[in-house]
$ cat entry14.txt   # compact mmCIF, C-alpha atoms
# COMPACT_ATOMS: atom_id res chain seq x y z
CA GLU A 1 -16.99 -44.26 -96.22
CA ASP A 2 -14.26 -41.61 -96.63
CA GLY A 3 -16.22 -39.47 -99.10
CA HIS A 4 -15.54 -36.08 -97.55
CA ALA A 5 -11.88 -36.85 -96.97
CA SER A 6 -11.47 -38.20 -100.49
CA CYS A 7 -12.98 -35.03 -101.93
CA VAL A 8 -10.51 -32.87 -99.98
CA GLU A 9 -7.61 -35.06 -101.08
CA ARG A 10 -8.75 -34.74 -104.70
CA THR A 11 -9.90 -31.10 -104.93
CA GLY A 12 -8.62 -29.42 -101.75
CA VAL A 13 -12.04 -28.49 -100.34
CA VAL A 14 -15.45 -29.99 -99.51
CA ARG A 15 -18.74 -28.71 -98.12
CA ILE A 16 -20.35 -30.50 -95.14
CA ASP A 17 -23.85 -29.31 -94.28
CA GLY A 18 -25.42 -29.13 -90.85
CA CYS A 19 -22.37 -29.43 -88.60
CA LEU A 20 -23.95 -27.07 -86.05
CA SER A 21 -27.58 -26.51 -85.09
CA ALA A 22 -29.02 -23.04 -85.56
CA ALA A 23 -29.22 -22.55 -81.79
CA SER A 24 -25.59 -23.55 -81.25
CA ALA A 25 -24.45 -21.32 -84.11
CA GLU A 26 -26.34 -18.35 -82.66
CA ASP A 27 -24.89 -18.88 -79.16
CA LEU A 28 -21.36 -19.15 -80.52
CA ARG A 29 -21.87 -16.12 -82.76
CA ASP A 30 -22.88 -13.98 -79.78
CA PHE A 31 -19.81 -15.17 -77.89
CA VAL A 32 -17.48 -14.45 -80.81
CA LEU A 33 -18.77 -10.90 -81.24
CA ALA A 34 -18.46 -10.20 -77.50
CA THR A 35 -14.91 -11.57 -77.55
CA ARG A 36 -14.12 -9.42 -80.61
CA ASP A 37 -15.35 -6.33 -78.81
CA GLU A 38 -13.24 -7.16 -75.76
CA GLY A 39 -10.17 -7.63 -77.95
CA VAL A 40 -10.70 -4.35 -79.80
CA ALA A 41 -11.12 -2.49 -76.48
CA LEU A 42 -7.97 -4.12 -75.12
CA ALA A 43 -5.99 -3.27 -78.25
CA ALA A 44 -7.00 0.37 -77.91
CA LYS A 45 -5.38 0.42 -74.45
CA ASP A 46 -2.45 -1.93 -75.07
CA LYS A 47 -1.59 -2.81 -78.68
CA GLU A 48 0.66 -5.72 -77.71
CA LYS A 49 -1.92 -7.38 -75.49
CA GLY A 50 -4.58 -6.77 -78.11
CA ALA A 51 -2.43 -8.57 -80.68
CA GLU A 52 -2.59 -11.70 -78.54
CA ARG A 53 -6.37 -11.73 -78.97
CA LEU A 54 -6.70 -10.54 -82.58
CA SER A 55 -4.60 -12.15 -85.30
CA ARG A 56 -3.47 -10.35 -88.46
CA VAL A 57 -5.73 -10.70 -91.49
CA LEU A 58 -4.72 -10.61 -95.14
CA SER A 59 -6.80 -7.84 -96.66
CA ALA A 60 -6.31 -4.57 -98.47
CA ARG A 61 -6.39 -2.86 -95.07
CA ASP A 62 -2.80 -4.10 -94.72
CA VAL A 63 -2.00 -1.64 -97.50
CA ASP A 64 -4.21 1.40 -97.70
CA SER A 65 -7.32 1.36 -95.52
CA GLU A 66 -7.67 2.78 -92.04
CA ALA A 67 -11.12 1.46 -91.10
CA GLU A 68 -11.27 -1.84 -89.26
CA SER A 69 -13.79 -4.09 -90.92
CA ARG A 70 -12.27 -7.60 -90.66
CA TRP A 71 -11.10 -9.30 -87.49
CA ASP A 72 -9.52 -12.68 -86.73
CA VAL A 73 -10.53 -13.42 -83.14
CA ARG A 74 -8.62 -16.00 -81.08
CA LEU A 75 -11.08 -17.77 -78.80
CA PRO A 76 -10.73 -19.27 -75.31
CA TRP A 77 -11.74 -22.89 -74.70
CA SER A 78 -14.93 -21.72 -72.98
CA THR A 79 -18.02 -23.84 -72.49
CA VAL A 80 -19.77 -22.43 -75.56
CA VAL A 81 -16.70 -22.97 -77.77
CA ARG A 82 -16.05 -26.47 -76.42
CA ASP A 83 -19.67 -27.55 -76.84
CA ALA A 84 -19.77 -26.20 -80.40
CA VAL A 85 -16.59 -28.04 -81.38
CA HIS A 86 -17.92 -31.28 -79.89
CA GLU A 87 -21.13 -30.89 -81.87
CA MET A 88 -19.25 -30.04 -85.07
CA MET A 89 -17.22 -33.24 -84.88
CA GLY A 90 -20.35 -35.39 -85.03
CA ALA A 91 -20.81 -38.96 -83.85
CA ARG A 92 -17.57 -40.89 -83.57
CA ASP A 93 -19.00 -43.86 -85.50
CA ASP A 94 -20.39 -41.70 -88.34
CA PRO A 95 -18.19 -41.94 -91.47
CA ALA A 96 -19.92 -38.83 -92.88
CA SER A 97 -18.94 -36.69 -89.89
CA LEU A 98 -16.45 -33.83 -89.86
CA GLY A 99 -14.48 -35.57 -87.14
CA HIS A 100 -14.06 -38.71 -89.24
CA ALA A 101 -12.90 -36.71 -92.27
CA LEU A 102 -10.36 -34.81 -90.17
CA SER A 103 -9.03 -38.05 -88.74
CA VAL A 104 -8.55 -39.59 -92.18
CA LEU A 105 -6.88 -36.46 -93.55
CA SER A 106 -4.72 -35.73 -90.51
CA GLY A 107 -3.02 -39.08 -90.03
CA GLY A 108 -5.32 -40.25 -87.25
CA ASP A 109 -6.72 -38.99 -83.98
CA SER A 110 -3.32 -37.96 -82.60
CA ALA A 111 -3.44 -34.79 -84.77
CA LEU A 112 -3.23 -31.70 -82.55
CA LEU A 113 -5.55 -28.69 -82.50
CA PHE A 114 -3.62 -25.89 -84.21
CA GLU A 115 -6.16 -23.07 -84.46
CA CYS A 116 -9.34 -22.06 -82.64
CA ALA A 117 -10.68 -18.71 -83.77
CA ALA A 118 -13.31 -16.85 -85.78
CA VAL A 119 -13.25 -14.43 -88.70
CA VAL A 120 -15.62 -11.48 -88.47
CA SER A 121 -16.26 -9.05 -91.32
CA THR A 122 -18.65 -6.15 -91.73
CA GLU A 123 -19.84 -3.82 -94.48
CA GLY A 124 -16.96 -1.97 -96.13
CA CYS A 125 -14.55 -4.86 -95.71
CA ALA A 126 -12.10 -5.12 -98.60
CA PRO A 127 -11.45 -8.49 -100.26
CA GLN A 128 -8.60 -10.55 -98.94
CA ILE A 129 -5.48 -11.21 -100.90
CA VAL A 130 -5.63 -14.66 -102.48
CA HIS A 131 -3.49 -16.86 -100.28
CA ALA A 132 -2.82 -20.33 -98.95
CA ASP A 133 -2.29 -21.01 -95.25
CA THR A 134 0.67 -23.26 -96.06
CA VAL A 135 2.60 -23.85 -99.28
CA PRO A 136 2.88 -27.06 -101.33
CA SER A 137 5.84 -29.18 -100.33
CA GLU A 138 7.14 -32.71 -100.52
CA ALA A 139 5.65 -33.28 -97.06
CA GLY A 140 2.13 -33.19 -98.54
CA ALA A 141 -0.82 -31.96 -96.51
CA VAL A 142 0.21 -30.59 -93.11
CA LEU A 143 -2.95 -28.77 -91.96
CA HIS A 144 -6.71 -28.96 -92.49
CA THR A 145 -9.21 -26.29 -91.50
CA ALA A 146 -12.97 -26.33 -90.96
CA PHE A 147 -14.85 -23.04 -91.48
CA VAL A 148 -18.36 -23.07 -89.99
CA ALA A 149 -20.88 -20.33 -90.78
CA LEU A 150 -22.55 -18.86 -87.70
CA GLN A 151 -25.33 -17.30 -89.79
CA ASP A 152 -26.51 -17.63 -93.38
CA ILE A 153 -23.94 -16.09 -95.72
CA SER A 154 -25.15 -14.08 -98.69
CA ALA A 155 -23.15 -13.19 -101.79
CA HIS A 156 -22.71 -9.56 -100.73
CA GLN A 157 -21.19 -10.55 -97.35
CA GLY A 158 -17.80 -11.52 -98.72
CA PRO A 159 -18.08 -15.33 -98.73
CA THR A 160 -14.87 -17.31 -99.00
CA ARG A 161 -13.81 -18.16 -102.54
CA PHE A 162 -11.77 -21.34 -103.03
CA LEU A 163 -9.69 -22.37 -106.04
CA PRO A 164 -10.12 -26.16 -106.21
CA HIS A 165 -7.16 -28.36 -107.13
CA THR A 166 -4.64 -25.65 -106.19
CA HIS A 167 -3.48 -27.52 -103.08
CA THR A 168 -1.09 -29.53 -105.21
CA CYS A 169 -0.46 -26.98 -107.97
CA SER A 170 2.96 -25.42 -107.43
CA ARG A 171 2.58 -23.50 -110.70
CA LEU A 172 -0.38 -21.42 -109.45
CA HIS A 173 1.32 -20.80 -106.13
CA GLY A 174 4.31 -19.51 -108.06
CA GLU A 175 2.10 -17.26 -110.20
CA LEU A 176 0.54 -15.85 -107.02
CA GLU A 177 3.96 -15.02 -105.58
CA GLN A 178 4.84 -13.22 -108.81
CA LEU A 179 1.58 -11.24 -108.77
CA GLU A 180 2.17 -10.22 -105.15
CA ARG A 181 5.61 -8.92 -106.03
CA GLU A 182 4.24 -6.96 -108.99
CA HIS A 183 1.38 -5.46 -106.98
CA GLU A 184 3.48 -4.88 -103.86
CA ARG A 185 0.94 -6.74 -101.68
CA GLY A 186 -2.04 -5.07 -103.27
CA THR A 187 -5.05 -7.14 -104.29
CA PRO A 188 -4.03 -9.30 -107.24
CA GLU A 189 -6.87 -11.77 -106.67
CA SER A 190 -8.84 -10.47 -109.65
CA ASP A 191 -5.93 -11.31 -111.96
CA LEU A 192 -5.60 -14.82 -110.58
CA LEU A 193 -9.31 -15.61 -110.20
CA GLU A 194 -9.99 -14.57 -113.79
CA GLY A 195 -7.94 -17.45 -115.12
CA ALA A 196 -8.75 -20.20 -112.62
CA PRO A 197 -11.98 -22.08 -111.76
CA SER A 198 -13.29 -21.18 -108.32
CA VAL A 199 -16.19 -21.92 -105.97
CA VAL A 200 -17.85 -19.58 -103.48
CA ALA A 201 -18.94 -20.81 -100.04
CA LEU A 202 -22.53 -19.53 -99.80
CA LEU A 203 -23.26 -21.40 -96.58
CA ARG A 204 -26.33 -21.73 -94.40
CA SER A 205 -25.92 -21.29 -90.67
CA GLY A 206 -24.12 -24.35 -89.27
CA ASP A 207 -22.70 -25.49 -92.61
CA CYS A 208 -18.99 -26.11 -92.98
CA THR A 209 -16.22 -25.98 -95.56
CA LEU A 210 -13.30 -28.29 -94.84
CA TYR A 211 -10.14 -27.59 -96.79
CA ASP A 212 -6.49 -28.46 -97.19
CA SER A 213 -4.43 -25.48 -96.00
CA ARG A 214 -2.50 -25.43 -99.28
CA THR A 215 -5.69 -24.58 -101.21
CA LEU A 216 -5.72 -21.00 -102.50
CA HIS A 217 -8.63 -18.98 -101.12
CA CYS A 218 -9.74 -15.49 -100.11
CA GLY A 219 -12.56 -13.70 -98.40
CA GLY A 220 -14.54 -11.50 -100.77
CA PRO A 221 -15.60 -7.85 -100.35
CA HIS A 222 -18.35 -7.36 -97.77
CA VAL A 223 -20.70 -4.73 -99.16
CA ALA A 224 -24.18 -3.43 -98.36
CA PRO A 225 -27.05 -5.59 -99.66
CA PRO A 226 -28.54 -4.43 -102.98
CA ASP A 227 -31.92 -3.97 -101.27
CA ARG A 228 -31.72 -3.73 -97.50
CA THR A 229 -35.50 -3.56 -97.16
CA SER A 230 -35.75 -7.11 -98.49
CA LEU A 231 -33.34 -8.35 -95.79
CA PRO A 232 -34.38 -6.33 -92.73
CA GLU A 233 -33.21 -8.92 -90.18
CA GLU A 234 -29.98 -9.97 -91.86
CA PRO A 235 -27.02 -9.47 -89.48
CA VAL A 236 -24.47 -6.86 -90.52
CA GLU A 237 -21.47 -8.93 -89.46
CA ARG A 238 -20.47 -12.15 -91.17
CA VAL A 239 -18.98 -14.59 -88.64
CA LEU A 240 -17.09 -17.77 -89.51
CA PHE A 241 -15.83 -19.98 -86.69
CA TYR A 242 -12.86 -22.19 -87.49
CA VAL A 243 -10.65 -24.89 -86.08
CA SER A 244 -7.66 -26.50 -87.72
CA PHE A 245 -5.70 -29.63 -86.94
CA LYS A 246 -2.12 -30.23 -87.95
CA HIS A 247 -1.20 -33.58 -89.46
CA ALA A 248 0.17 -36.06 -86.96
CA LEU A 249 3.52 -36.07 -88.81
CA ALA A 250 3.75 -32.32 -89.52
CA THR A 251 6.68 -30.37 -88.07
CA GLU A 252 6.61 -26.91 -86.54
CA ALA A 253 8.88 -25.65 -89.34
CA GLU A 254 6.30 -26.64 -91.96
CA LEU A 255 3.67 -24.55 -90.19
CA ALA A 256 5.76 -21.51 -89.26
CA ASN A 257 4.95 -17.95 -90.29
CA THR A 258 6.08 -14.49 -89.25
CA ASP A 259 3.50 -13.78 -86.52
CA VAL A 260 5.39 -13.31 -83.25
CA HIS A 261 2.34 -14.54 -81.34
CA GLY A 262 2.47 -17.93 -83.03
CA ALA A 263 1.91 -19.48 -86.42
CA GLY A 264 -1.66 -20.55 -85.70
CA SER A 265 -4.60 -18.35 -84.73
CA ILE A 266 -4.94 -19.74 -81.21
CA LEU A 267 -4.60 -18.36 -77.71
CA PRO A 268 -1.45 -19.54 -75.90
CA ALA A 269 -3.56 -21.01 -73.10
CA VAL A 270 -5.54 -23.11 -75.58
CA ALA A 271 -2.40 -24.21 -77.45
CA ALA A 272 -0.85 -25.25 -74.13
CA MET A 273 -3.68 -27.75 -73.61
CA ARG A 274 -2.29 -29.76 -76.58
CA MET A 275 -5.68 -31.16 -77.47
CA CYS A 276 -5.59 -34.06 -79.88
CA LEU A 277 -8.38 -34.77 -82.34
CA GLY A 278 -9.25 -38.03 -80.61
CA SER A 279 -9.89 -36.38 -77.24
CA VAL A 280 -12.03 -33.71 -78.91
CA ARG A 281 -14.05 -36.30 -80.84
CA SER A 282 -14.54 -38.33 -77.64
CA ARG A 283 -15.49 -35.16 -75.72
CA GLU A 284 -12.79 -35.74 -73.13
CA VAL A 285 -11.71 -32.08 -73.21
$ encode --input "entry14.txt" --output "structure tokens"
Amino acid sequence: EDGHASCVERTGVVRIDGCLSAASAEDLRDFVLATRDEGVALAAKDKEKGAERLSRVLSARDVDSEAESRWDVRLPWSTVVRDAVHEMMGARDDPASLGHALSVLSGGDSALLFECAAVVSTEGCAPQIVHADTVPSEAGAVLHTAFVALQDISAHQGPTRFLPHTHTCSRLHGELEQLEREHERGTPESDLLEGAPSVVALLRSGDCTLYDSRTLHCGGPHVAPPDRTSLPEEPVERVLFYVSFKHALATEAELANTDVHGAGSILPAVAAMRMCLGSVRSREV
């Protein structure tokens, strides 16, 4: 009954197909792109206010690129976002649902929503630095994230690459830290990926990857298709919606990072709602 949760506990990541209908994914995708555009326009006028809408992303642009091609968009709890999250969770009595897996992994339905955002990339986007959202510790799992594709994702669109079993491997996390120091925050992912098994999330629209935040992962390079004429209607942007829930026993210190706008990619107004997993699964909020 806890198949998805057990897979995440064992390997750090699992795929769950069909969490969103094609129509819901398309509606949410349109909303995400409009919100991205609003955030970019706001940032051009007021960098500080723009930073409240657009979180920092870990890509080579942090080092040496000037062109924006990857955005992390914090989303309001609008009707389209709320309805999509409700649909993603699935039926409350379905043991194969995303909501059930999150409940098992997060210490029950009292787990709080920690992130509500979307990652957008476009052609020319550099690969991300291999990273984990949190680091292995004696506390165990403190955060779980669900990435949902809002369109089919092809290999050239920079799909997320996961390194299974790294959520509990302190050795690999240590090797990554060493590589980052040697490359001065360049892109050491090729060095690390070469020696470790990995899986690539080539998702269909509405499919989901659920992962333990300690699992090493990275977005790949988003490049032009090898033959654009064969994919005339393929969208240029790749859009992944995501929510994360922090474990019911996790502390703020275990989830802290250096972003002055908050550790999680979430708007302050949404964080202030303090939505628990149970209320989301029951569609009370």
$ closest_residue --input "entry14.txt" --among "A:Gln128, A:Ser106, A:Ser121, A:Ser205" --to "Val142 (chain A)" --atoms "all atoms listed in the file"
A:Ser106
$ residues_around --input "entry14.txt" --residues "region 131-141 of chain A" --least-positions-apart "3" --cutoff "6 Å" --atoms "all atoms listed in the file" --output "ChimeraX atom specification"
/A:213-217
$ closest_residue --input "entry14.txt" --among "A:Val85, A:Ala117, A:Ala96, A:Met275" --to "Glu52 (chain A)" --atoms "only C-alpha atoms"
A:Ala117
$ residues_near_point --input "entry14.txt" --point "(-10.5, -7.5, -78.8)" --cutoff "10 Å" --atoms "all atoms listed in the file" --output "number ranges by chain"
A: 33-44, 49-55, 71-74
$ atom_distance --input "entry14.txt" --atom1 "CA of Cys19 (chain A)" --atom2 "CA of Glu254 (chain A)"
29.0 Å
$ closest_residue --input "entry14.txt" --among "A:Tyr211, A:Val223, A:His100, A:Lys45" --to "Ala126 (chain A)" --atoms "all atoms listed in the file"
A:Val223
$ closest_residue --input "entry14.txt" --among "A:Asp30, A:Ser21, A:Lys246, A:Glu237" --to "Gly90 (chain A)" --atoms "only C-alpha atoms"
A:Ser21
$ atom_distance --input "entry14.txt" --atom1 "CA of Leu28 (chain A)" --atom2 "CA of Arg70 (chain A)"
17.9 Å
$ closest_residue --input "entry14.txt" --among "A:Ala271, A:Val130, A:Ala118, A:Cys125" --to "His222 (chain A)" --atoms "only C-alpha atoms"
A:Cys125
$ residues_near_point --input "entry14.txt" --point "(-23.7, -23.7, -91.9)" --cutoff "7 Å" --atoms "only C-alpha atoms" --output "VMD selection string"
chain A and resid 17 to 20 148 to 152 203 to 208
$ closest_residue --input "entry14.txt" --among "A:Glu48, A:Asp27, A:Glu123, A:Asp2" --to "Val104 (chain A)" --atoms "only C-alpha atoms"
A:Asp2
$ atom_distance --input "entry14.txt" --atom1 "CA of Phe147 (chain A)" --atom2 "CA of Val243 (chain A)"
7.1 Å
